[in-house]
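Chemist: Below is my_file.cif; it holds mmCIF, C-alpha atoms and all ligand atoms.
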```
data_input
#
loop_
_atom_site.label_atom_id
_atom_site.label_comp_id
_atom_site.auth_asym_id
_atom_site.auth_seq_id
_atom_site.Cartn_x
_atom_site.Cartn_y
_atom_site.Cartn_z
CA MET A 8 163.02 -53.75 -21.87
CA GLU A 9 165.15 -54.81 -18.90
CA TYR A 10 164.28 -57.61 -16.48
CA ASN A 11 164.41 -58.09 -12.71
CA ILE A 12 165.73 -54.60 -11.98
CA SER A 13 166.15 -53.35 -8.40
CA LEU A 14 164.34 -50.07 -7.76
CA LYS A 15 166.21 -49.38 -4.51
CA GLU A 16 167.99 -46.32 -5.87
CA MET A 17 164.86 -45.13 -7.70
CA ASN A 18 162.58 -44.54 -4.71
CA SER A 19 163.21 -42.24 -1.76
CA PHE A 20 162.12 -44.89 0.80
CA HIS A 21 164.97 -47.00 -0.66
CA LEU A 22 162.78 -50.08 -0.80
CA ASP A 23 164.43 -52.96 -2.55
CA CYS A 24 161.56 -53.83 -4.84
CA LYS A 25 162.48 -55.65 -8.03
CA ALA A 26 160.63 -54.80 -11.20
CA GLU A 27 159.90 -57.89 -13.23
CA LYS A 28 160.11 -55.69 -16.33
CA PHE A 29 161.61 -52.22 -16.51
CA MET A 30 161.54 -49.70 -19.32
CA ARG A 31 163.28 -46.33 -19.61
CA VAL A 32 160.95 -44.07 -21.58
CA LYS A 33 163.13 -41.44 -23.25
CA GLU A 34 161.54 -40.84 -26.63
CA GLU A 35 158.10 -40.81 -28.18
CA ARG A 36 158.69 -44.16 -29.82
CA ASP A 37 159.29 -45.64 -26.33
CA LEU A 38 155.79 -44.49 -25.44
CA GLU A 39 154.43 -46.26 -28.50
CA ARG A 40 156.27 -49.43 -27.50
CA LEU A 41 154.93 -49.14 -23.97
CA SER A 42 151.39 -48.71 -25.26
CA GLU A 43 151.63 -52.17 -26.86
CA TYR A 44 151.66 -53.65 -23.35
CA TYR A 45 148.74 -51.57 -22.07
CA GLY A 46 145.87 -53.82 -20.98
CA LYS A 47 148.10 -56.92 -21.14
CA GLU A 48 150.52 -56.09 -18.32
CA LYS A 49 150.35 -54.02 -15.14
CA ILE A 50 152.19 -50.73 -15.74
CA TYR A 51 153.51 -48.35 -13.10
CA ILE A 52 154.66 -44.94 -14.32
CA LEU A 53 157.66 -43.86 -12.28
CA GLY A 54 159.27 -40.43 -12.02
CA SER A 55 161.96 -39.98 -9.39
CA GLY A 56 160.16 -42.17 -6.83
CA SER A 57 159.85 -39.50 -4.11
CA ASN A 58 156.18 -40.20 -3.54
CA THR A 59 155.97 -43.94 -4.10
CA LEU A 60 155.71 -46.79 -1.62
CA PHE A 61 156.41 -50.19 -3.16
CA VAL A 62 154.69 -52.58 -0.77
CA LYS A 63 156.00 -55.82 -2.21
CA GLN A 64 159.56 -56.86 -2.95
CA HIS A 65 158.54 -57.74 -6.45
CA TYR A 66 156.52 -55.75 -8.98
CA ASP A 67 154.86 -58.22 -11.33
CA GLY A 68 154.50 -55.92 -14.28
CA ILE A 69 156.32 -53.11 -16.09
CA VAL A 70 157.82 -50.16 -14.28
CA ALA A 71 158.13 -47.41 -16.89
CA ARG A 72 160.54 -44.70 -15.79
CA ILE A 73 159.94 -41.41 -17.58
CA GLU A 74 163.31 -40.02 -18.66
CA ASN A 75 162.69 -37.64 -21.56
CA LYS A 76 164.73 -34.45 -21.41
CA GLY A 77 164.40 -30.92 -22.72
CA LEU A 78 163.29 -27.36 -22.09
CA ARG A 79 161.93 -25.03 -24.76
CA ILE A 80 160.71 -21.45 -24.60
CA ILE A 81 157.39 -21.31 -26.41
CA SER A 82 156.43 -17.65 -26.20
CA GLU A 83 157.38 -14.49 -24.42
CA ASN A 84 156.04 -10.97 -23.94
CA GLY A 85 156.81 -8.09 -21.60
CA ASP A 86 155.07 -9.75 -18.66
CA ASN A 87 155.30 -13.53 -19.09
CA ILE A 88 157.34 -16.35 -20.50
CA THR A 89 155.88 -19.74 -21.45
CA VAL A 90 158.21 -22.71 -21.20
CA GLU A 91 157.67 -26.36 -22.11
CA VAL A 92 159.63 -28.78 -19.95
CA SER A 93 159.97 -32.52 -20.48
CA SER A 94 158.73 -34.83 -17.72
CA GLY A 95 162.08 -36.51 -17.11
CA GLN A 96 163.76 -33.26 -16.10
CA VAL A 97 164.59 -32.76 -12.43
CA TRP A 98 162.09 -30.27 -11.01
CA ASN A 99 164.64 -28.33 -8.98
CA ASP A 100 166.88 -27.86 -12.03
CA PHE A 101 163.96 -26.11 -13.69
CA VAL A 102 163.37 -23.97 -10.58
CA GLU A 103 167.04 -22.98 -10.58
CA TRP A 104 166.90 -22.16 -14.30
CA ALA A 105 163.84 -19.93 -13.72
CA CYS A 106 165.43 -18.17 -10.75
CA GLU A 107 168.74 -17.60 -12.57
CA ASN A 108 166.76 -15.85 -15.29
CA ASN A 109 164.73 -13.89 -12.75
CA TYR A 110 161.45 -15.52 -13.78
CA SER A 111 159.00 -15.79 -10.93
CA GLY A 112 156.31 -18.29 -9.92
CA VAL A 113 158.19 -21.44 -8.90
CA GLU A 114 160.67 -20.11 -6.32
CA ASN A 115 158.56 -21.13 -3.30
CA LEU A 116 158.50 -24.69 -4.66
CA ALA A 117 162.31 -24.97 -4.65
CA ALA A 118 163.86 -28.22 -3.47
CA VAL A 119 160.70 -30.34 -3.70
CA PRO A 120 162.20 -33.64 -4.89
CA SER A 121 160.33 -34.42 -8.09
CA SER A 122 160.51 -35.11 -11.76
CA VAL A 123 158.73 -32.42 -13.79
CA GLY A 124 156.16 -34.98 -14.96
CA ALA A 125 155.01 -35.74 -11.42
CA VAL A 126 154.52 -32.08 -10.52
CA PRO A 127 150.93 -31.86 -11.87
CA VAL A 128 150.00 -35.30 -10.49
CA GLN A 129 149.41 -34.10 -6.96
CA ASN A 130 149.70 -30.38 -7.74
CA ILE A 131 152.78 -30.06 -5.55
CA GLY A 132 152.57 -27.36 -2.95
CA ALA A 133 154.88 -25.75 -0.44
CA TYR A 134 155.54 -22.46 1.32
CA GLY A 135 152.29 -20.85 0.22
CA SER A 136 152.52 -21.83 -3.48
CA GLU A 137 150.95 -24.53 -5.60
CA ALA A 138 152.07 -25.78 -9.00
CA LYS A 139 148.59 -25.23 -10.46
CA ASP A 140 149.19 -21.48 -10.42
CA VAL A 141 152.00 -21.75 -12.98
CA ILE A 142 150.85 -24.74 -15.05
CA ASP A 143 149.44 -23.55 -18.35
CA LYS A 144 148.84 -26.96 -19.93
CA VAL A 145 150.07 -30.54 -19.88
CA LEU A 146 150.95 -32.76 -22.84
CA VAL A 147 149.57 -36.22 -22.09
CA TYR A 148 150.08 -39.50 -23.95
CA ASP A 149 147.21 -41.94 -23.54
CA LEU A 150 148.60 -45.49 -23.61
CA GLU A 151 145.13 -46.89 -24.26
CA LYS A 152 144.20 -44.61 -27.18
CA LYS A 153 147.82 -44.30 -28.34
CA GLU A 154 147.55 -40.55 -28.81
CA PHE A 155 148.89 -37.24 -27.49
CA LYS A 156 146.60 -34.53 -26.24
CA TYR A 157 147.10 -31.21 -24.46
CA TRP A 158 145.15 -30.90 -21.20
CA THR A 159 144.42 -27.33 -20.16
CA ASN A 160 144.84 -26.25 -16.57
CA GLU A 161 141.04 -26.59 -16.12
CA ASP A 162 141.04 -30.10 -17.64
CA CYS A 163 143.46 -31.22 -14.92
CA ASP A 164 140.93 -30.28 -12.19
CA PHE A 165 143.64 -29.28 -9.75
CA GLY A 166 142.90 -29.22 -6.03
CA TYR A 167 144.77 -29.66 -2.77
CA ARG A 168 147.36 -32.38 -3.53
CA TYR A 169 145.02 -33.51 -6.27
CA SER A 170 144.56 -33.58 -10.04
CA LYS A 171 142.82 -35.98 -12.42
CA PHE A 172 146.17 -37.77 -12.76
CA LYS A 173 146.37 -38.66 -9.07
CA TYR A 174 144.02 -41.66 -9.09
CA GLN A 175 144.03 -42.49 -12.81
CA LYS A 176 143.96 -46.08 -14.08
CA GLY A 177 147.52 -45.96 -15.40
CA ASN A 178 146.97 -45.03 -19.04
CA LEU A 179 147.94 -41.36 -18.84
CA VAL A 180 151.61 -40.48 -19.18
CA ILE A 181 152.44 -36.83 -18.63
CA TRP A 182 155.04 -36.18 -21.30
CA LYS A 183 155.63 -32.43 -21.10
CA VAL A 184 154.43 -29.62 -18.86
CA VAL A 185 153.97 -26.04 -20.06
CA PHE A 186 154.60 -23.43 -17.37
CA LYS A 187 153.73 -19.75 -17.50
CA LEU A 188 156.15 -17.68 -15.41
CA GLN A 189 156.14 -14.00 -14.59
CA LYS A 190 158.86 -11.60 -15.63
CA HIS A 191 157.97 -9.14 -12.88
CA PHE A 192 158.71 -10.68 -9.53
CA VAL A 193 155.80 -10.86 -7.11
CA LEU A 194 156.93 -11.93 -3.65
CA ASN A 195 154.73 -14.56 -2.01
CA ASN A 196 155.67 -14.48 1.65
CA SER A 197 152.33 -15.68 2.96
CA TYR A 198 154.10 -18.53 4.74
CA LYS A 199 155.24 -17.19 8.11
CA ALA A 200 158.55 -19.06 8.43
CA LEU A 201 159.59 -17.80 5.00
CA LYS A 202 158.55 -14.22 5.77
CA ASP A 203 160.46 -14.24 9.08
CA LYS A 204 163.62 -15.66 7.54
CA LEU A 205 163.58 -13.21 4.64
CA GLU A 206 163.11 -10.32 7.03
CA SER A 207 165.90 -11.46 9.31
CA SER A 208 168.28 -11.81 6.33
CA ASN A 209 168.32 -7.98 6.06
CA GLN A 210 168.54 -8.23 2.27
CA THR A 211 167.21 -5.07 0.66
CA ILE A 212 166.66 -6.63 -2.76
CA ILE A 213 164.57 -9.78 -2.77
CA THR A 214 164.77 -11.89 -5.91
CA PRO A 215 163.27 -15.26 -6.93
CA LYS A 216 166.75 -16.72 -6.40
CA LEU A 217 166.92 -15.43 -2.83
CA VAL A 218 163.46 -16.84 -2.08
CA ALA A 219 164.43 -20.24 -3.53
CA GLN A 220 167.65 -20.29 -1.48
CA THR A 221 165.76 -19.31 1.68
CA VAL A 222 163.08 -21.94 1.12
CA THR A 223 165.81 -24.53 0.53
CA GLU A 224 167.56 -23.59 3.77
CA ILE A 225 164.33 -23.85 5.77
CA ARG A 226 163.49 -27.19 4.18
CA ASN A 227 166.97 -28.58 4.85
CA SER A 228 166.68 -27.62 8.52
CA LYS A 229 163.27 -29.26 8.95
CA LEU A 230 163.06 -32.28 6.68
CA PRO A 231 165.09 -35.48 6.81
CA ASN A 232 167.38 -35.98 3.83
CA PRO A 233 166.00 -39.07 2.00
CA GLU A 234 169.57 -40.06 1.12
CA ILE A 235 170.20 -40.60 4.83
CA LEU A 236 166.74 -41.45 6.16
CA GLY A 237 164.32 -42.89 3.61
CA ASN A 238 161.05 -40.95 3.44
CA VAL A 239 158.53 -39.45 1.03
CA GLY A 240 157.95 -36.10 2.77
CA SER A 241 154.39 -35.86 4.09
CA PHE A 242 152.99 -39.37 4.21
CA PHE A 243 149.39 -38.19 4.75
CA LYS A 244 147.26 -35.37 3.41
CA ASN A 245 145.80 -32.83 5.81
CA PRO A 246 142.19 -33.99 6.22
CA ILE A 247 139.35 -31.59 5.42
CA ILE A 248 136.33 -31.78 7.71
CA THR A 249 133.09 -29.85 7.98
CA LYS A 250 132.89 -26.70 10.09
CA GLU A 251 130.39 -28.47 12.41
CA GLN A 252 132.75 -31.41 12.97
CA PHE A 253 135.57 -28.95 13.60
CA LEU A 254 133.58 -27.00 16.21
CA ARG A 255 132.77 -30.24 18.04
CA LEU A 256 136.44 -31.21 18.08
CA GLN A 257 137.52 -27.73 19.12
CA THR A 258 135.45 -27.91 22.30
CA LEU A 259 137.30 -31.11 23.21
CA TYR A 260 140.71 -29.98 21.93
CA PRO A 261 140.98 -26.16 22.10
CA ASN A 262 144.54 -26.24 20.69
CA ILE A 263 143.61 -28.13 17.53
CA VAL A 264 145.57 -26.78 14.54
CA ALA A 265 143.33 -25.98 11.57
CA PHE A 266 143.17 -23.72 8.53
CA ASP A 267 140.22 -22.32 6.62
CA ASP A 268 139.33 -24.22 3.49
CA GLU A 269 136.61 -23.64 0.91
CA LYS A 270 135.11 -27.04 1.81
CA GLY A 271 135.30 -26.56 5.60
CA LYS A 272 138.39 -26.81 7.79
CA LYS A 273 141.73 -28.33 6.92
CA ILE A 274 143.19 -30.01 9.99
CA SER A 275 146.92 -30.42 10.50
CA ALA A 276 147.52 -34.16 10.09
CA GLY A 277 150.85 -33.68 11.88
CA TRP A 278 149.03 -32.31 14.93
CA LEU A 279 146.57 -35.24 14.97
CA ILE A 280 149.42 -37.76 14.73
CA GLU A 281 151.41 -35.99 17.42
CA GLN A 282 148.40 -36.05 19.79
CA CYS A 283 148.30 -39.82 19.35
CA GLY A 284 151.87 -40.07 20.65
CA TYR A 285 153.47 -41.02 17.35
CA LYS A 286 155.95 -38.14 16.92
CA GLY A 287 159.42 -39.65 17.24
CA LYS A 288 157.96 -43.14 17.82
CA ARG A 289 159.91 -46.03 16.34
CA ILE A 290 158.81 -49.61 15.85
CA GLY A 291 161.56 -51.81 14.48
CA ASN A 292 162.86 -50.37 11.23
CA VAL A 293 160.16 -47.73 10.79
CA GLY A 294 158.97 -44.68 12.65
CA VAL A 295 157.75 -41.10 12.63
CA TYR A 296 160.41 -38.41 12.26
CA GLU A 297 161.15 -36.74 15.60
CA LYS A 298 160.92 -33.18 14.22
CA GLN A 299 157.83 -33.60 12.03
CA ALA A 300 154.95 -35.96 12.78
CA LEU A 301 153.78 -36.13 9.15
CA ILE A 302 156.93 -37.87 7.98
CA VAL A 303 157.17 -41.64 8.17
CA VAL A 304 160.76 -42.85 7.90
CA ASN A 305 162.62 -46.00 7.02
CA TYR A 306 165.38 -46.18 9.64
CA SER A 307 167.21 -49.02 7.98
CA ASN A 308 166.17 -51.94 5.85
CA ALA A 309 162.40 -51.73 6.35
CA SER A 310 160.14 -53.54 3.94
CA GLY A 311 157.28 -51.81 2.16
CA LYS A 312 154.88 -53.99 4.16
CA GLU A 313 156.35 -52.75 7.47
CA LEU A 314 155.89 -49.16 6.34
CA LEU A 315 152.33 -49.84 5.21
CA ASP A 316 151.39 -51.64 8.45
CA PHE A 317 152.89 -48.84 10.51
CA SER A 318 151.01 -46.18 8.52
CA ASN A 319 147.79 -48.18 8.93
CA SER A 320 148.29 -48.25 12.69
CA ILE A 321 148.56 -44.43 12.60
CA ILE A 322 145.34 -44.21 10.57
CA GLU A 323 143.50 -46.49 13.05
CA THR A 324 144.72 -44.63 16.12
CA VAL A 325 143.78 -41.22 14.69
CA LYS A 326 140.38 -42.62 13.67
CA ASP A 327 139.73 -43.97 17.18
CA LYS A 328 140.73 -40.73 18.91
CA PHE A 329 139.34 -38.07 16.55
CA ASP A 330 136.94 -39.91 14.23
CA ILE A 331 138.96 -38.59 11.27
CA ILE A 332 140.28 -40.86 8.54
CA LEU A 333 143.72 -39.89 7.30
CA GLU A 334 144.34 -40.38 3.60
CA PRO A 335 147.84 -41.23 2.39
CA GLU A 336 149.45 -38.67 0.08
CA VAL A 337 152.00 -41.24 -1.06
CA HIS A 338 151.22 -43.58 -3.98
CA ILE A 339 150.95 -47.08 -2.55
CA VAL A 340 151.95 -49.68 -5.13
CA LYS A 341 150.71 -53.17 -4.30
C1 LIG B 401 161.92 -35.03 1.47
C2 LIG B 401 160.66 -34.86 0.67
C3 LIG B 401 159.97 -33.66 0.73
C4 LIG B 401 158.79 -33.49 0.00
N1 LIG B 401 158.16 -32.28 0.05
C5 LIG B 401 157.04 -32.08 -0.67
C6 LIG B 401 156.39 -30.81 -0.67
O1 LIG B 401 156.83 -29.87 -0.03
N2 LIG B 401 155.26 -30.67 -1.40
C7 LIG B 401 154.74 -31.69 -2.15
O2 LIG B 401 153.71 -31.47 -2.80
N3 LIG B 401 155.35 -32.91 -2.18
C8 LIG B 401 156.48 -33.12 -1.47
N4 LIG B 401 157.09 -34.34 -1.49
C9 LIG B 401 156.51 -35.42 -2.30
C10 LIG B 401 157.16 -35.49 -3.70
O3 LIG B 401 158.28 -34.66 -3.76
C11 LIG B 401 156.18 -35.08 -4.79
O4 LIG B 401 155.00 -35.82 -4.74
C12 LIG B 401 156.79 -35.23 -6.18
O5 LIG B 401 155.98 -34.63 -7.15
C13 LIG B 401 157.05 -36.69 -6.54
O6 LIG B 401 157.75 -36.69 -7.76
P1 LIG B 401 158.40 -38.02 -8.32
O7 LIG B 401 158.85 -37.75 -9.69
O8 LIG B 401 159.43 -38.49 -7.37
O9 LIG B 401 157.12 -38.95 -8.32
P2 LIG B 401 156.99 -40.53 -8.23
O10 LIG B 401 157.08 -40.97 -6.82
O11 LIG B 401 157.90 -41.18 -9.20
O12 LIG B 401 155.49 -40.68 -8.73
C14 LIG B 401 154.45 -40.12 -7.97
C15 LIG B 401 153.14 -40.35 -8.71
O13 LIG B 401 153.14 -39.66 -9.94
C16 LIG B 401 152.96 -40.58 -11.01
N5 LIG B 401 153.82 -40.09 -12.10
C17 LIG B 401 155.14 -39.82 -12.04
N6 LIG B 401 155.56 -39.36 -13.23
C18 LIG B 401 154.49 -39.36 -14.06
C19 LIG B 401 154.28 -39.01 -15.43
N7 LIG B 401 155.27 -38.53 -16.19
N8 LIG B 401 153.05 -39.16 -15.95
C20 LIG B 401 152.02 -39.62 -15.20
N9 LIG B 401 152.15 -39.97 -13.90
C21 LIG B 401 153.37 -39.84 -13.35
C22 LIG B 401 153.36 -41.93 -10.48
O14 LIG B 401 152.73 -42.97 -11.18
C23 LIG B 401 152.89 -41.80 -9.06
O15 LIG B 401 151.50 -42.07 -9.03
C24 LIG B 401 158.29 -34.55 -0.78
C25 LIG B 401 159.00 -35.76 -0.85
C26 LIG B 401 160.17 -35.91 -0.14
C27 LIG B 401 160.94 -37.18 -0.23
#
```
What is this file in structure tokens?
Modeler:
Amino acid sequence: MEYNISLKEMNSFHLDCKAEKFMRVKEERDLERLSEYYGKEKIYILGSGSNTLFVKQHYDGIVARIENKGLRIISENGDNITVEVSSGQVWNDFVEWACENNYSGVENLAAVPSSVGAVPVQNIGAYGSEAKDVIDKVLVYDLEKKEFKYWTNEDCDFGYRYSKFKYQKGNLVIWKVVFKLQKHFVLNNSYKALKDKLESSNQTIITPKLVAQTVTEIRNSKLPNPEILGNVGSFFKNPIITKEQFLRLQTLYPNIVAFDDEKGKKISAGWLIEQCGYKGKRIGNVGVYEKQALIVVNYSNASGKELLDFSNSIIETVKDKFDIILEPEVHIVK
């Protein structure tokens, strides 16, 4: 256990929160040690901090950073390969490994900043792919019961930026994730920007590696680099509303941006925020990125409270104008 550790370099907002207690969890016995504190201390499970907003400058509990390493091929046949990856691995390193070996399924999720362990938490998604489509099972350690258990894909109850791990009470540590990749490449170019860029590249042979490189290039051109401008990617989820509510809004706002969803209509949160005049708006140290209205940024030394207040003002304004309540995608740690 370490004490009074700054988390500034361990969260992509670069908030200078100090953890009263800090533990690097590298081995199974570290999990057992951590479990001794469960129920006695507050525990926050931290991956690479790319989806975490520390509101206070002090975390009065234990921040447990998951740092176990390893990758192991479990089984293989002519069509698929099953690989178990430890939670502390960098997600993009795994994507690169898969692409180098011509295994398909994760290439559209290239360059999402994440630890492997956080990937199932909100079922990361990008460029027409979601992690749930390649997650076979998840090895979970329950700090309360002090035991390991495999959760199947169904157990995780994956949805849009959702799984059972997203709003859990803090006892479930994802320790390893088992992915099932395809040996025969199936191109997913359902996302228009990706399709256009691949077509304009004039490459006759498209490989997972080419897709990953193309996705990375598009992302780099659109998203602010957290090393330069602190951010957590999309701050809010795209809200899902009923078809009736959508039709009412569409008569008022014919250009509203929406997508079909099994539960109704998924509305572009970026569009809603932009309509409220927030795109590119800056208040003090915080603001909304000028190229993408879903991204809240820390321009310089913002506090977590400033970021939270600013995001709440966005929620209120959108609620007043559209009667839609935006839900943060980021994990807000109070
Ligand atoms: C520039 C940028 C772009 C982004 N683009 C995307 C995108 O395209 N798609 C997308 O889906 N997300 C995106 N994100 C959000 C982020 O990359 C993902 O949410 C990612 O999975 C966060 O990983 P992390 O390890 O940094 O998580 P953290 O911020 O460390 O943790 C996030 C949550 O997961 C929990 N958690 C972490 N590790 C574990 C574990 N081992 N066991 C149990 N719980 C755990 C934490 O308690 C917390 O609740 C982006 C973020 C940034 C900064």
Chemist: Of the candidates A:Glu224, A:Glu234, A:Glu48, A:Asp164, which shows the shortest atom-to-atom distance to ligand LIG 401 (chain B), using all atoms listed in the file?
Modeler: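 Closest residue, counting all atoms listed in the file: A:Glu234.
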Chemist: From (163.2, -18.4, 13.0), in the file's coordinates, out to 12 Å: which residues are reached, counting all atoms listed in the file? Answer as a PyMOL selection string.
Modeler: chain A and resi 199-208+221+224-225+228-229
Chemist: Write a file of the just-selected residues containing C-alpha atoms, as a compact mmCIF listing (two decimals), in the coordinates of the input.
Modeler:
```txt
# COMPACT_ATOMS: atom_id res chain seq x y z
CA LYS A 199 155.24 -17.19 8.11
CA ALA A 200 158.55 -19.06 8.43
CA LEU A 201 159.59 -17.80 5.00
CA LYS A 202 158.55 -14.22 5.77
CA ASP A 203 160.46 -14.24 9.08
CA LYS A 204 163.62 -15.66 7.54
CA LEU A 205 163.58 -13.21 4.64
CA GLU A 206 163.11 -10.32 7.03
CA SER A 207 165.90 -11.46 9.31
CA SER A 208 168.28 -11.81 6.33
CA THR A 221 165.76 -19.31 1.68
CA GLU A 224 167.56 -23.59 3.77
CA ILE A 225 164.33 -23.85 5.77
CA SER A 228 166.68 -27.62 8.52
CA LYS A 229 163.27 -29.26 8.95
```
Chemist: Per residue of range 63-153 of chain A within 12 Å of range 9-16 of chain A, record the nearest atom pair and its distance in Å to one decimal, counting all atoms listed in the file, with rows in chain order and ascending residue number, as a Markdown table.
Modeler:
```
| residue | atom | partner | partner_atom | distance |
| --- | --- | --- | --- | --- |
| A:Lys63 | CA | A:Leu14 | CA | 11.6 |
| A:Gln64 | CA | A:Ser13 | CA | 9.2 |
| A:His65 | CA | A:Asn11 | CA | 8.6 |
| A:Tyr66 | CA | A:Asn11 | CA | 9.0 |
| A:Asp67 | CA | A:Asn11 | CA | 9.7 |
| A:Gly68 | CA | A:Tyr10 | CA | 10.2 |
| A:Ile69 | CA | A:Tyr10 | CA | 9.2 |
| A:Val70 | CA | A:Leu14 | CA | 9.2 |
| A:Ala71 | CA | A:Glu9 | CA | 10.4 |
| A:Arg72 | CA | A:Leu14 | CA | 10.4 |
```
Chemist: Using 4 Å of padding on each side, determine the axis-aligned box around all atoms of ligand LIG 401 (chain B) present in the file and give its centre and edge lengths in Å to one decimal, as JSON.
Modeler:
```
{"center_x": 156.7, "center_y": -36.4, "center_z": -7.4, "size_x": 18.4, "size_y": 21.1, "size_z": 25.7}
```
Chemist: Mind checking which residues fall within 12 Å of Phe20 in chain A, counting all atoms listed in the file, ignoring those fewer than 5 positions away in the same chain, and posting them as a VMD selection string?
Modeler: chain A and resid 14 to 15 55 to 62 231 to 240 242 292 to 293 302 to 311 313 to 315 337 to 339
Chemist: In the coordinate frame of the file, compute which residues have an atom within 8 Å of (153.1, -23.0, -18.0) when using only C-alpha atoms, and state them as a ChimeraX atom specification.
Modeler: /A:89-91,141-144,184-188
Chemist: Return as a count of residues only every polymer residue, whether protein, DNA or RNA, with at least one atom no more than 8 Å from an atom of ligand LIG 401 (chain B); count all atoms listed in the file.
Modeler: 59
Chemist: So which one's closest to Ile274 in chain A, A:Ile213, A:Ala117, A:Leu150, A:Ile248? Using all atoms listed in the file, please.
Modeler: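 With all atoms listed in the file as the atom set, the closest residue is A:Ile248.
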Chemist: Using only C-alpha atoms, which residue out of A:Gln282, A:Lys49, A:Lys190, A:Ser42 lies closest to Ala26 in chain A?
Modeler: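 The shortest atom-to-atom distance to Ala26 in chain A comes from A:Lys49.
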Chemist: Between CA of Ile50 in chain A and CA of Lys341 in chain A, what is the distance, to one decimal in Å?
Modeler: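 Computing it gives 11.8 Å between the two atoms.
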Chemist: Using only C-alpha atoms, pick whichever of A:Cys106, A:Ala300, A:Leu146, A:Leu41 has the shortest atom-to-atom distance to Val92 in chain A.
Modeler: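 The closest residue to Val92 in chain A is A:Leu146.
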Chemist: Would you mind putting back N, CA and C atoms on range 140-156 of chain A, then writing it out as a short mmCIF file (atom, residue, chain, number, x, y, z; two decimals), keeping the file's coordinate frame?
Modeler:
```
data_model
loop_
_atom_site.label_atom_id
_atom_site.label_comp_id
_atom_site.auth_asym_id
_atom_site.auth_seq_id
_atom_site.Cartn_x
_atom_site.Cartn_y
_atom_site.Cartn_z
N ASP A 140 149.20 -22.91 -10.09
CA ASP A 140 149.19 -21.48 -10.42
C ASP A 140 150.16 -21.12 -11.53
N VAL A 141 151.06 -22.04 -11.88
CA VAL A 141 152.00 -21.75 -12.98
C VAL A 141 151.88 -22.76 -14.13
N ILE A 142 151.00 -23.75 -13.97
CA ILE A 142 150.85 -24.74 -15.05
C ILE A 142 149.84 -24.21 -16.07
N ASP A 143 150.31 -24.05 -17.29
CA ASP A 143 149.44 -23.55 -18.35
C ASP A 143 148.69 -24.73 -18.99
N LYS A 144 149.45 -25.75 -19.40
CA LYS A 144 148.84 -26.96 -19.93
C LYS A 144 149.81 -28.13 -19.81
N VAL A 145 149.29 -29.32 -20.08
CA VAL A 145 150.07 -30.54 -19.88
C VAL A 145 149.92 -31.41 -21.12
N LEU A 146 151.04 -31.86 -21.67
CA LEU A 146 150.95 -32.76 -22.84
C LEU A 146 150.91 -34.20 -22.32
N VAL A 147 149.81 -34.89 -22.64
CA VAL A 147 149.57 -36.22 -22.09
C VAL A 147 149.53 -37.25 -23.22
N TYR A 148 150.19 -38.38 -23.01
CA TYR A 148 150.08 -39.50 -23.95
C TYR A 148 149.18 -40.55 -23.32
N ASP A 149 148.14 -40.93 -24.04
CA ASP A 149 147.21 -41.94 -23.54
C ASP A 149 147.64 -43.31 -24.08
N LEU A 150 148.10 -44.17 -23.18
CA LEU A 150 148.60 -45.49 -23.61
C LEU A 150 147.49 -46.35 -24.19
N GLU A 151 146.26 -46.09 -23.78
CA GLU A 151 145.13 -46.89 -24.26
C GLU A 151 144.74 -46.44 -25.67
N LYS A 152 144.61 -45.13 -25.86
CA LYS A 152 144.20 -44.61 -27.18
C LYS A 152 145.38 -44.42 -28.13
N LYS A 153 146.58 -44.49 -27.57
CA LYS A 153 147.82 -44.30 -28.34
C LYS A 153 147.85 -42.92 -28.99
N GLU A 154 147.52 -41.89 -28.22
CA GLU A 154 147.55 -40.55 -28.81
C GLU A 154 147.95 -39.49 -27.78
N PHE A 155 148.53 -38.39 -28.32
CA PHE A 155 148.89 -37.24 -27.49
C PHE A 155 147.73 -36.26 -27.45
N LYS A 156 147.60 -35.58 -26.33
CA LYS A 156 146.60 -34.53 -26.24
C LYS A 156 147.04 -33.50 -25.19
#
```
